[in-house]
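This report concerns only the one structure given below.
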Amino acid sequence: MEIIIVLGVIALVVLFFVAQYNRLIRLNVSVDEAWAQIEVQLKRRADLIPNLVETVKGYAKHEQSTFDAVVTARAKATTATTLADTAAADGMLTQALRGLLAVAEAYPDLKASANFISLQEELATTENKVAFSRQFYNDNVRELNTAVKTVPTNFFAGIAKVNEREFYEVEDPQDRKAPNVKF
Amino acid sequence: MGVLVWLVALAALTYFGQSTTAIVPIAVGIALISVWGSYYGSDKLVLTMTGAKLIQESDNPKLFGLIQEITIASGLPMPKVAIVIDSAPNAFATGRNQDHALIAFTTGILDVMDRDQLQGVIAHELAHVANRDTLVSAVAATTAGAIAILSDMLMRMMWFGGGRDRDRNNNGNPILLVFSLLILILAPIAAVLLKSAISRKRESLADATAVAFTRNPAGLRSALEVLAADSTVVHQKSNSIAHIWIESPLDGKAVSKMFSTHPPIAERIAVLKAMESLN
């Protein structure tokens, strides 16, 4: 009779260990998935840019410095690999794009062109998606880091080989808010 | 709605047959099949009941863009989207789990809301999906019905005794019969009160979860203000699915606060305003 109780207790303890381990693994995988989502959205944004630059160039030929800023930032963004580099390039590109759109404000023909309007809408949705994917990633990192640091699960972090992950922080302070672009 | 099925089944079987406890499994069976059947097929069932039509991304790319933004923020899969042709602004969400979710909007709400407001409404509906509120309602209906049946069973056992006496007519004692009838009437009222309380709590939770997705309480708050100011009501006012709309089509003047499926809209607006000031 006592053996059954002891076995029962051992079984519960084992189940508890497994649950904690699995939780850490699951959280880690969610963070990986959220990171992949950021990369997808950043790539979508990068793909929109050449078209946008060409359209603006068609009307505003002499704003070379703005175009250069965008093109350089885009190149940096597409080649970045580590999280820190990607976040830095993301911030630079967002700022360069803002500069480009500001330039476009001064050219009424450009602003009225259907092509530019549709590109601007696509860019706006993409910027929002990038912002939400950053938010989702950071939410997941927060959950993972909390689990890794708080008491029951922190004992398992070593065995599970799960560590704290970095938050995705973009340099530009204006980027901390989700862009509220109205169509 | 499931509760009504229970009670009709139970009442019918009781008063047209022997009031033995053997009817309980039959009543339970009927109720379980009805509640869980409608839960399982909730997305298709609700489409039929509301006359909603499924749409694709090409039908309304802006709406789909807004929904995709929230699915990114929440990590949910993209739900099915439908439109209800009705000038009253309203929206609902249903589906047995996040992979079979359906959200729908009336043409009225799409016309009257701006981008942030509509995104707040979308976030509220997806919050229902994320919080598994269809499942919660199904469990609530089952529990409420079970309580009703259990109370009836206990009444019977108390007054008619444990054993079955074949000679005994179920019209043995008229007072006890009236009593049992009273219980039978009051129990479903208690069940509905319970379901309404649960529904109100889940609505508040959905408001909060929506803000967790958008990080923009002002969007949903101004959407609710627009809904509060608009007095038109959706045509599809069926009792059984009244609770799934964002603004209840039933909570007009006469419905007591305790029976309403949504917290009062002024309260919801006040809560969201408080969140805005935290920023």
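Ordering of the structure tokens sets the chain letters (A, B, ...); residue numbers start at 1 within each chain; ligands are numbered from 1 in the order shown.
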
*chain A contacts to chain B at 6 Å (only C-alpha atoms) as a ChimeraX atom specification*: /A:129,132-133,136

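Residues in contact range of Lys76 of chain A, defined as at most 9 Å between only C-alpha atoms, with sequence neighbours fewer than 6 positions away removed, read Asp85, Thr86, Ala89, Asp90, Met92 and Leu93 of chain A.
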
Write a file of the selected residues as an mmCIF file, in the first residue's frame, keeping C-alpha atoms.
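In the end it all went to out36.cif:
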data_model
loop_
_atom_site.group_PDB
_atom_site.id
_atom_site.type_symbol
_atom_site.label_atom_id
_atom_site.label_comp_id
_atom_site.auth_asym_id
_atom_site.auth_seq_id
_atom_site.Cartn_x
_atom_site.Cartn_y
_atom_site.Cartn_z
ATOM 1 C CA ASP A 85 21.972 44.638 -36.138
ATOM 2 C CA THR A 86 18.467 43.967 -37.405
ATOM 3 C CA ALA A 89 18.891 48.705 -39.358
ATOM 4 C CA ASP A 90 15.107 48.580 -38.821
ATOM 5 C CA MET A 92 17.450 53.505 -39.620
ATOM 6 C CA LEU A 93 15.188 52.349 -42.434
#

Residue contacts of Leu83 of chain A (12 Å, only C-alpha atoms) excluding same-chain residues fewer than 3 positions away, as a CSV table (one decimal) with C-alpha atoms, in the first residue's frame:
chain,number,residue,atom,x,y,z
A,32,ASP,CA,11.7,31.8,-32.4
A,35,TRP,CA,11.3,36.4,-34.6
A,36,ALA,CA,10.6,34.7,-37.9
A,38,ILE,CA,9.4,40.0,-37.7
A,39,GLU,CA,11.8,38.9,-40.4
A,77,ALA,CA,18.5,46.0,-43.3
A,79,THR,CA,22.1,42.0,-44.8
A,80,ALA,CA,21.7,42.2,-41.0
A,86,THR,CA,18.5,44.0,-37.4
A,87,ALA,CA,16.9,46.3,-34.8
A,88,ALA,CA,19.4,49.0,-35.6
A,89,ALA,CA,18.9,48.7,-39.4
A,90,ASP,CA,15.1,48.6,-38.8
A,134,ARG,CA,7.8,43.6,-32.9
A,137,TYR,CA,8.0,39.2,-30.3
A,165,ARG,CA,16.4,36.3,-25.0
A,166,GLU,CA,17.0,39.9,-26.0
A,167,PHE,CA,14.1,42.3,-26.4
A,168,TYR,CA,13.7,43.9,-29.8
A,169,GLU,CA,14.3,47.5,-29.1
A,170,VAL,CA,14.3,49.9,-32.0

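With atom CA of Leu135 of chain B on one side and atom CA of Tyr39 of chain B on the other, the separation reads 7.1 Å.
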
*Compile the contact shell of Ala127 of chain B as number ranges by chain: residues with an atom at most 12 Å away, counting only C-alpha atoms, same-chain residues fewer than 5 positions apart removed.*
B: 67, 70-71, 73-76, 79, 92-94, 98, 101, 103, 119-122, 132-134, 202-214, 246

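If you measure from each of A:Leu97, A:Val31, A:Val70, A:Leu123 to Asn140 of chain A using only C-alpha atoms, the closest one turns out to be A:Val31.
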
*Using DSSP on the backbone coordinates, identify the residues of segment 27-231 of chain B assigned to alpha helix (DSSP H); present them as an NGL selection string.*
:B and (27-40 or 42-50 or 61-74 or 107-112 or 115-130 or 133-160 or 174-214 or 217-229)

*Excluding Arg26 of chain A and residues on its chain fewer than 6 positions from it, collect all residues at most 12 Å away from it, counting only C-alpha atoms, and give them as number ranges by chain.*
A: 18-20, 32-33, 140-141, 143-144, 147, 160, 162

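Omitting Arg44 of chain A and its sequence neighbours fewer than 6 positions away, and counting only C-alpha atoms, the residues within 12 Å are Gln37, Ile38, Pro50, Arg74, Ala77, Thr78, Glu122, Leu123, Ala124, Thr125, Thr126, Glu127, Asn128, Lys129 and Val130 of chain A.
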
*Per-residue DSSP, segment 45-210 of chain B, filtered to strand (DSSP E or B), as a ChimeraX atom specification*: /B:53-55,80-84,91-94,102-106

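Interatomic distance, atom CA of Asn97 of chain B to atom CA of Thr48 of chain B: 18.7 Å.
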
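In this structure, atom CA of Thr146 of chain A sits 28.1 Å away from atom CA of Asp99 of chain B.
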